[in-house]
Amino acid sequence: MQDKILVTRSSMPPYEEYIEAIKPLWETHWLTNMGQYHRELEERLKEYLGVPEVSLMVNGHMALELAIQAFDFPAGAEVITTPFTFISTTHAIVRNRLQPVFCDIKPEDGTMDETQIESLITDRTVAIVPVHVYGNVCNVEKIQEIAAKHHLKVIYDAAHAFGVKYKGQGIGNYGDVSVFSFHATKVFNTIEGGAAAFSDSGIYKKLADLKNFGIRGEELVTGIGANAKMNEFAAIMGLCNLNHISYYIEERKKRFEVYESGLAKIKGVRLLNQEKDTIRNYSYMPIVVEDEYPMSRDELYCKLKDNNIFARKYFYPLTSDQDCIRNQCKEAELKCARRISERVLTLPFYPTLGIEVINTILRFIGNV
Ligand code: T4K
């Protein structure tokens, strides 16, 4: 039996590079509170993501929670969102005392079904929070059109979409704010971390207050805030990982292509990835186990697990089906989301995953 193969494995820069980079911290003893490396990483990310403004945060979740909070929506207002996501997206809405209104998704890429958004808008709707799930780009044009028509804010959960470009533009340029996760499991990581990207410099000031207790000076606090600052060790990990990001994505692409051509020969499974007009980041390897496949998704999951291959059911169950959410939201049909969620499996996928391991995984999936 082979060693455990997990769904992902953190990308890390060479040990010496990181150790060398953190040495100055033993001189300065400046470890957090928007230090030199925090500022440097914000600048480098603006350039890499091709966005006007970046505000770094302690993690992707707090970036999303505070980005929503920055708009001061009235408590109880409705936010249209997707249930086919990591629980963070929904928690960020609920923790802002807003009501999630779940919109169905599209079967081809798992993003929000934009044709259903307008039917969910009421006079209490204030925002749309779509997710570029697996780095698949939402229909940003249509969502913008709907938002403009109904005077809604759009806050993208772009946790999976670091470095994705759509029609030549960094994905962070769409919507009022886009939020990235730099968690250890992501294409680009700062160990834990995240960022909000946007163009309005007023949002930068607002987030600066929200992530640092509203402190404006030694004796001045202008508002209620949290502590969501990224520390200097994390920022330095980000600066080092950024030096290798093209390599990480290139290695992911090679592995994606091996999976893609292998899976194309297996009846009953299909990719849940999207090509159209995008430069991708190859962040996840989601497949849909359709009814023609001889086993259910759960049987395939167990078969792989029995062979030490730990695929994950990202994203099952739907966030709307968790007990802590169900009684906070309106009942919705969510036919497609439910169908995909019951059939999706994300396969092991990371830049150092052996090609021979991928071929073994493909054999397990193919020889049912
Ligand atoms: N929005 C969306 C759409 C998201 O997917 C996420 C996070 C967020 C918002 C919130 O962003 P953050 O606040 O997390 O920055 C993982 C990640 O923890 C989470 O960041 C991610 N989405 C989610 C999809 O996956 P778990 O509970 O599945 O992680 P865990 O601990 O089971 O790890 C999965 C695999 O990753 C392990 O089997 C091995 C590998 N791993 C894990 C860790 C912790 C590593 O290689 N290194 C590590 O340090 O949530």
# chains A, B, ... in the order shown; residues from 1 in each chain; ligands from 1
>>> residues_near_ligand(ligand="ligand 1", cutoff="6 Å", atoms="only C-alpha atoms and all ligand atoms", output="list in words")
Leu6, Val7, Thr8, Arg9, Ser10, Asn59, Gly60, His61, Thr85, Phe86, Ser88, Thr89, Asp157, Ala159, Ser181, Phe182, His183, Ala184, Thr185, Gly193 and Gly194 of chain A
>>> write_last_selection(atoms="C-alpha atoms", output="CSV table (one decimal), in the first residue's frame")
chain,number,residue,atom,x,y,z
A,6,LEU,CA,-4.0,13.9,0.9
A,7,VAL,CA,-6.1,16.2,-1.1
A,8,THR,CA,-3.5,18.9,-1.1
A,9,ARG,CA,-0.1,19.7,0.3
A,10,SER,CA,1.1,23.2,1.2
A,59,ASN,CA,-7.1,34.9,7.0
A,60,GLY,CA,-9.5,34.7,4.1
A,61,HIS,CA,-12.5,34.4,6.4
A,85,THR,CA,-19.0,26.7,-1.0
A,86,PHE,CA,-16.9,26.4,2.1
A,88,SER,CA,-16.8,30.5,5.6
A,89,THR,CA,-18.8,32.3,2.9
A,157,ASP,CA,-15.5,35.3,-2.5
A,159,ALA,CA,-10.8,32.5,-2.0
A,181,SER,CA,-7.6,33.3,0.9
A,182,PHE,CA,-3.9,32.6,1.5
A,183,HIS,CA,-4.5,29.6,3.7
A,184,ALA,CA,-1.9,26.8,3.7
A,185,THR,CA,-4.0,24.8,1.4
A,193,GLY,CA,-3.8,34.8,5.5
A,194,GLY,CA,-6.1,36.6,3.1
>>> closest_atom_pairs(of="region 36-111 of chain A", to="region 115-133 of chain A", cutoff="9 Å", atoms="only C-alpha atoms", output="tab-separated table")
residue	atom	partner	partner_atom	distance
A:Ile68	CA	A:Ala127	CA	8.9
A:Phe73	CA	A:Val126	CA	7.0
A:Pro74	CA	A:Val126	CA	8.7
A:Gly76	CA	A:Arg124	CA	8.2
A:Ala77	CA	A:Arg124	CA	5.2
A:Glu78	CA	A:Thr125	CA	4.4
A:Val79	CA	A:Ala127	CA	4.9
A:Ile80	CA	A:Ile128	CA	4.7
A:Thr81	CA	A:Val129	CA	4.8
A:Thr82	CA	A:Pro130	CA	6.1
A:Phe84	CA	A:Val133	CA	8.1
A:Thr85	CA	A:Val133	CA	6.9
A:Thr89	CA	A:Val129	CA	8.1
A:Ile93	CA	A:Val129	CA	8.6
A:Val101	CA	A:Leu120	CA	7.4
A:Phe102	CA	A:Leu120	CA	8.4
A:Cys103	CA	A:Ile117	CA	6.5
A:Asp104	CA	A:Gln116	CA	7.2
A:Ile105	CA	A:Gln116	CA	8.9
A:Asp109	CA	A:Val133	CA	8.1
A:Gly110	CA	A:Val133	CA	6.6
A:Thr111	CA	A:Val133	CA	6.2
>>> write_last_selection(atoms="N, CA, C and O atoms", output="mmCIF file, in the first residue's frame")
data_model
loop_
_atom_site.group_PDB
_atom_site.id
_atom_site.type_symbol
_atom_site.label_atom_id
_atom_site.label_comp_id
_atom_site.auth_asym_id
_atom_site.auth_seq_id
_atom_site.Cartn_x
_atom_site.Cartn_y
_atom_site.Cartn_z
ATOM 1 N N ILE A 68 -17.582 42.615 4.059
ATOM 2 C CA ILE A 68 -19.044 42.788 4.102
ATOM 3 C C ILE A 68 -19.392 43.866 5.129
ATOM 4 O O ILE A 68 -20.187 44.776 4.860
ATOM 5 N N PHE A 73 -24.259 47.479 6.124
ATOM 6 C CA PHE A 73 -25.630 47.095 5.762
ATOM 7 C C PHE A 73 -26.483 47.004 7.027
ATOM 8 O O PHE A 73 -25.981 46.589 8.082
ATOM 9 N N PRO A 74 -27.772 47.340 6.919
ATOM 10 C CA PRO A 74 -28.623 47.249 8.119
ATOM 11 C C PRO A 74 -28.833 45.788 8.537
ATOM 12 O O PRO A 74 -28.969 44.910 7.681
ATOM 13 N N GLY A 76 -30.302 42.338 9.395
ATOM 14 C CA GLY A 76 -31.485 41.659 8.867
ATOM 15 C C GLY A 76 -31.656 41.798 7.365
ATOM 16 O O GLY A 76 -32.529 41.157 6.770
ATOM 17 N N ALA A 77 -30.827 42.626 6.727
ATOM 18 C CA ALA A 77 -30.921 42.778 5.269
ATOM 19 C C ALA A 77 -30.519 41.467 4.589
ATOM 20 O O ALA A 77 -29.852 40.619 5.185
ATOM 21 N N GLU A 78 -30.962 41.315 3.334
ATOM 22 C CA GLU A 78 -30.736 40.041 2.637
ATOM 23 C C GLU A 78 -29.538 40.123 1.691
ATOM 24 O O GLU A 78 -29.304 41.146 1.039
ATOM 25 N N VAL A 79 -28.813 39.013 1.634
ATOM 26 C CA VAL A 79 -27.637 38.912 0.759
ATOM 27 C C VAL A 79 -27.786 37.645 -0.077
ATOM 28 O O VAL A 79 -27.935 36.547 0.477
ATOM 29 N N ILE A 80 -27.753 37.800 -1.382
ATOM 30 C CA ILE A 80 -27.894 36.630 -2.267
ATOM 31 C C ILE A 80 -26.531 35.972 -2.420
ATOM 32 O O ILE A 80 -25.535 36.642 -2.739
ATOM 33 N N THR A 81 -26.499 34.683 -2.181
ATOM 34 C CA THR A 81 -25.213 33.984 -2.185
ATOM 35 C C THR A 81 -25.401 32.545 -2.651
ATOM 36 O O THR A 81 -26.508 32.131 -2.976
ATOM 37 N N THR A 82 -24.308 31.794 -2.658
ATOM 38 C CA THR A 82 -24.353 30.401 -3.101
ATOM 39 C C THR A 82 -24.163 29.454 -1.918
ATOM 40 O O THR A 82 -23.356 29.732 -1.035
ATOM 41 N N PHE A 84 -23.048 26.421 -2.436
ATOM 42 C CA PHE A 84 -22.040 25.450 -2.889
ATOM 43 C C PHE A 84 -20.667 26.066 -2.671
ATOM 44 O O PHE A 84 -20.045 26.604 -3.587
ATOM 45 N N THR A 85 -20.233 26.049 -1.409
ATOM 46 C CA THR A 85 -19.016 26.737 -1.016
ATOM 47 C C THR A 85 -18.559 26.212 0.333
ATOM 48 O O THR A 85 -19.252 25.418 0.979
ATOM 49 N N THR A 89 -18.057 31.286 3.688
ATOM 50 C CA THR A 89 -18.810 32.292 2.916
ATOM 51 C C THR A 89 -20.124 32.623 3.622
ATOM 52 O O THR A 89 -20.479 33.799 3.807
ATOM 53 N N ILE A 93 -21.553 36.103 6.172
ATOM 54 C CA ILE A 93 -22.813 36.843 6.005
ATOM 55 C C ILE A 93 -23.599 36.840 7.320
ATOM 56 O O ILE A 93 -24.014 37.888 7.819
ATOM 57 N N VAL A 101 -29.588 34.506 1.315
ATOM 58 C CA VAL A 101 -30.664 34.017 0.446
ATOM 59 C C VAL A 101 -29.947 33.192 -0.617
ATOM 60 O O VAL A 101 -29.140 33.733 -1.384
ATOM 61 N N PHE A 102 -30.200 31.890 -0.627
ATOM 62 C CA PHE A 102 -29.380 31.014 -1.458
ATOM 63 C C PHE A 102 -29.894 30.921 -2.890
ATOM 64 O O PHE A 102 -31.077 30.707 -3.131
ATOM 65 N N CYS A 103 -28.943 31.065 -3.791
ATOM 66 C CA CYS A 103 -29.225 31.008 -5.226
ATOM 67 C C CYS A 103 -28.644 29.695 -5.749
ATOM 68 O O CYS A 103 -27.582 29.259 -5.287
ATOM 69 N N ASP A 104 -29.285 29.091 -6.712
ATOM 70 C CA ASP A 104 -28.780 27.823 -7.267
ATOM 71 C C ASP A 104 -27.513 28.083 -8.099
ATOM 72 O O ASP A 104 -27.146 29.247 -8.351
ATOM 73 N N ILE A 105 -26.868 26.991 -8.480
ATOM 74 C CA ILE A 105 -25.613 27.091 -9.244
ATOM 75 C C ILE A 105 -25.794 26.473 -10.627
ATOM 76 O O ILE A 105 -26.820 25.865 -10.916
ATOM 77 N N ASP A 109 -20.035 24.541 -14.095
ATOM 78 C CA ASP A 109 -18.839 25.013 -13.378
ATOM 79 C C ASP A 109 -19.065 25.288 -11.888
ATOM 80 O O ASP A 109 -18.130 25.697 -11.193
ATOM 81 N N GLY A 110 -20.272 25.097 -11.405
ATOM 82 C CA GLY A 110 -20.541 25.238 -9.964
ATOM 83 C C GLY A 110 -20.679 26.679 -9.486
ATOM 84 O O GLY A 110 -20.849 26.913 -8.286
ATOM 85 N N THR A 111 -20.606 27.656 -10.398
ATOM 86 C CA THR A 111 -20.771 29.054 -9.959
ATOM 87 C C THR A 111 -22.261 29.415 -9.928
ATOM 88 O O THR A 111 -23.102 28.709 -10.490
#
>>> closest_residue(among="A:Gln36, A:Ser283, A:Pro294, A:Ile236", to="Ile22 (chain A)", atoms="only C-alpha atoms")
A:Ile236
>>> closest_residue(among="A:Glu17, A:Glu342, A:Glu260, A:Glu43", to="Asn243 (chain A)", atoms="only C-alpha atoms")
A:Glu17
>>> closest_residue(among="A:Ser201, A:Asn281, A:Asn367, A:Asn173", to="Lys303 (chain A)", atoms="only C-alpha atoms")
A:Asn367
>>> select_by_dssp(residues="region 32-234 of chain A", states="strand (DSSP E)", output="PyMOL selection string")
chain A and resi 53-57+78-81+99-102+125-129+153-157+165-166+169-170+177-181+194-198+215-217+220-221
>>> closest_residue(among="A:Val94, A:Val179, A:Met237, A:Leu41", to="Pro13 (chain A)", atoms="only C-alpha atoms")
A:Met237
>>> decode(residues="region 133-144 of chain A", atoms="all heavy atoms", output="PDB file, in the first residue's frame")
ATOM      1  N   VAL A 133     -15.881  29.549  -7.407  1.00  0.00           N
ATOM      2  CA  VAL A 133     -15.549  28.264  -6.786  1.00  0.00           C
ATOM      3  C   VAL A 133     -14.538  27.482  -7.642  1.00  0.00           C
ATOM      4  O   VAL A 133     -14.669  27.427  -8.848  1.00  0.00           O
ATOM      5  CB  VAL A 133     -16.864  27.481  -6.504  1.00  0.00           C
ATOM      6  CG1 VAL A 133     -17.584  27.066  -7.788  1.00  0.00           C
ATOM      7  CG2 VAL A 133     -16.633  26.298  -5.597  1.00  0.00           C
ATOM      8  N   TYR A 134     -13.530  26.924  -7.004  1.00  0.00           N
ATOM      9  CA  TYR A 134     -12.384  26.229  -7.652  1.00  0.00           C
ATOM     10  C   TYR A 134     -11.605  27.146  -8.607  1.00  0.00           C
ATOM     11  O   TYR A 134     -10.879  26.657  -9.471  1.00  0.00           O
ATOM     12  CB  TYR A 134     -12.830  25.001  -8.453  1.00  0.00           C
ATOM     13  CG  TYR A 134     -13.828  24.097  -7.799  1.00  0.00           C
ATOM     14  CD1 TYR A 134     -15.040  23.815  -8.436  1.00  0.00           C
ATOM     15  CD2 TYR A 134     -13.569  23.497  -6.571  1.00  0.00           C
ATOM     16  CE1 TYR A 134     -15.964  22.970  -7.857  1.00  0.00           C
ATOM     17  CE2 TYR A 134     -14.493  22.645  -5.981  1.00  0.00           C
ATOM     18  CZ  TYR A 134     -15.687  22.389  -6.622  1.00  0.00           C
ATOM     19  OH  TYR A 134     -16.608  21.551  -6.058  1.00  0.00           O
ATOM     20  N   GLY A 135     -11.825  28.448  -8.506  1.00  0.00           N
ATOM     21  CA  GLY A 135     -11.183  29.363  -9.461  1.00  0.00           C
ATOM     22  C   GLY A 135     -11.994  29.513 -10.743  1.00  0.00           C
ATOM     23  O   GLY A 135     -11.554  30.195 -11.678  1.00  0.00           O
ATOM     24  N   ASN A 136     -13.189  28.911 -10.797  1.00  0.00           N
ATOM     25  CA  ASN A 136     -14.067  29.085 -11.965  1.00  0.00           C
ATOM     26  C   ASN A 136     -14.735  30.459 -11.856  1.00  0.00           C
ATOM     27  O   ASN A 136     -15.318  30.783 -10.817  1.00  0.00           O
ATOM     28  CB  ASN A 136     -15.155  28.003 -12.003  1.00  0.00           C
ATOM     29  CG  ASN A 136     -14.588  26.623 -12.260  1.00  0.00           C
ATOM     30  OD1 ASN A 136     -13.450  26.486 -12.708  1.00  0.00           O
ATOM     31  ND2 ASN A 136     -15.364  25.600 -11.985  1.00  0.00           N
ATOM     32  N   VAL A 137     -14.654  31.206 -12.931  1.00  0.00           N
ATOM     33  CA  VAL A 137     -15.108  32.600 -12.868  1.00  0.00           C
ATOM     34  C   VAL A 137     -16.630  32.692 -13.011  1.00  0.00           C
ATOM     35  O   VAL A 137     -17.210  32.119 -13.939  1.00  0.00           O
ATOM     36  CB  VAL A 137     -14.408  33.416 -13.981  1.00  0.00           C
ATOM     37  CG1 VAL A 137     -14.927  34.846 -14.022  1.00  0.00           C
ATOM     38  CG2 VAL A 137     -12.900  33.386 -13.774  1.00  0.00           C
ATOM     39  N   CYS A 138     -17.266  33.415 -12.099  1.00  0.00           N
ATOM     40  CA  CYS A 138     -18.715  33.657 -12.184  1.00  0.00           C
ATOM     41  C   CYS A 138     -19.007  34.493 -13.429  1.00  0.00           C
ATOM     42  O   CYS A 138     -18.094  35.115 -13.995  1.00  0.00           O
ATOM     43  CB  CYS A 138     -19.179  34.468 -10.974  1.00  0.00           C
ATOM     44  SG  CYS A 138     -18.941  33.651  -9.401  1.00  0.00           S
ATOM     45  N   ASN A 139     -20.266  34.584 -13.796  1.00  0.00           N
ATOM     46  CA  ASN A 139     -20.633  35.460 -14.910  1.00  0.00           C
ATOM     47  C   ASN A 139     -20.596  36.907 -14.405  1.00  0.00           C
ATOM     48  O   ASN A 139     -21.602  37.507 -14.033  1.00  0.00           O
ATOM     49  CB  ASN A 139     -22.024  35.103 -15.450  1.00  0.00           C
ATOM     50  CG  ASN A 139     -22.344  35.885 -16.711  1.00  0.00           C
ATOM     51  OD1 ASN A 139     -21.804  36.978 -16.920  1.00  0.00           O
ATOM     52  ND2 ASN A 139     -23.211  35.350 -17.541  1.00  0.00           N
ATOM     53  N   VAL A 140     -19.381  37.453 -14.370  1.00  0.00           N
ATOM     54  CA  VAL A 140     -19.168  38.755 -13.728  1.00  0.00           C
ATOM     55  C   VAL A 140     -19.899  39.894 -14.443  1.00  0.00           C
ATOM     56  O   VAL A 140     -20.350  40.845 -13.796  1.00  0.00           O
ATOM     57  CB  VAL A 140     -17.647  39.076 -13.604  1.00  0.00           C
ATOM     58  CG1 VAL A 140     -16.989  38.213 -12.551  1.00  0.00           C
ATOM     59  CG2 VAL A 140     -16.924  38.948 -14.924  1.00  0.00           C
ATOM     60  N   GLU A 141     -20.045  39.768 -15.765  1.00  0.00           N
ATOM     61  CA  GLU A 141     -20.725  40.857 -16.498  1.00  0.00           C
ATOM     62  C   GLU A 141     -22.207  40.924 -16.128  1.00  0.00           C
ATOM     63  O   GLU A 141     -22.743  41.980 -15.830  1.00  0.00           O
ATOM     64  CB  GLU A 141     -20.619  40.658 -18.020  1.00  0.00           C
ATOM     65  CG  GLU A 141     -19.240  40.966 -18.580  1.00  0.00           C
ATOM     66  CD  GLU A 141     -18.498  39.704 -18.963  1.00  0.00           C
ATOM     67  OE1 GLU A 141     -18.964  38.589 -18.629  1.00  0.00           O
ATOM     68  OE2 GLU A 141     -17.422  39.829 -19.594  1.00  0.00           O
ATOM     69  N   LYS A 142     -22.843  39.766 -16.157  1.00  0.00           N
ATOM     70  CA  LYS A 142     -24.283  39.720 -15.877  1.00  0.00           C
ATOM     71  C   LYS A 142     -24.554  40.120 -14.412  1.00  0.00           C
ATOM     72  O   LYS A 142     -25.486  40.875 -14.118  1.00  0.00           O
ATOM     73  CB  LYS A 142     -24.790  38.297 -16.156  1.00  0.00           C
ATOM     74  CG  LYS A 142     -26.267  38.139 -16.077  1.00  0.00           C
ATOM     75  CD  LYS A 142     -26.988  38.833 -17.231  1.00  0.00           C
ATOM     76  CE  LYS A 142     -28.477  38.971 -16.900  1.00  0.00           C
ATOM     77  NZ  LYS A 142     -29.157  39.852 -17.835  1.00  0.00           N
ATOM     78  N   ILE A 143     -23.685  39.639 -13.517  1.00  0.00           N
ATOM     79  CA  ILE A 143     -23.871  39.964 -12.093  1.00  0.00           C
ATOM     80  C   ILE A 143     -23.740  41.478 -11.892  1.00  0.00           C
ATOM     81  O   ILE A 143     -24.515  42.107 -11.169  1.00  0.00           O
ATOM     82  CB  ILE A 143     -22.885  39.151 -11.225  1.00  0.00           C
ATOM     83  CG1 ILE A 143     -23.284  37.663 -11.241  1.00  0.00           C
ATOM     84  CG2 ILE A 143     -22.826  39.680  -9.778  1.00  0.00           C
ATOM     85  CD1 ILE A 143     -22.317  36.708 -10.562  1.00  0.00           C
ATOM     86  N   GLN A 144     -22.775  42.080 -12.591  1.00  0.00           N
ATOM     87  CA  GLN A 144     -22.596  43.529 -12.493  1.00  0.00           C
ATOM     88  C   GLN A 144     -23.824  44.274 -12.993  1.00  0.00           C
ATOM     89  O   GLN A 144     -24.264  45.261 -12.398  1.00  0.00           O
ATOM     90  CB  GLN A 144     -21.334  43.949 -13.273  1.00  0.00           C
ATOM     91  CG  GLN A 144     -20.830  45.331 -12.919  1.00  0.00           C
ATOM     92  CD  GLN A 144     -20.797  45.578 -11.408  1.00  0.00           C
ATOM     93  OE1 GLN A 144     -20.233  44.786 -10.662  1.00  0.00           O
ATOM     94  NE2 GLN A 144     -21.455  46.648 -10.956  1.00  0.00           N
TER      95      GLN A 144
END
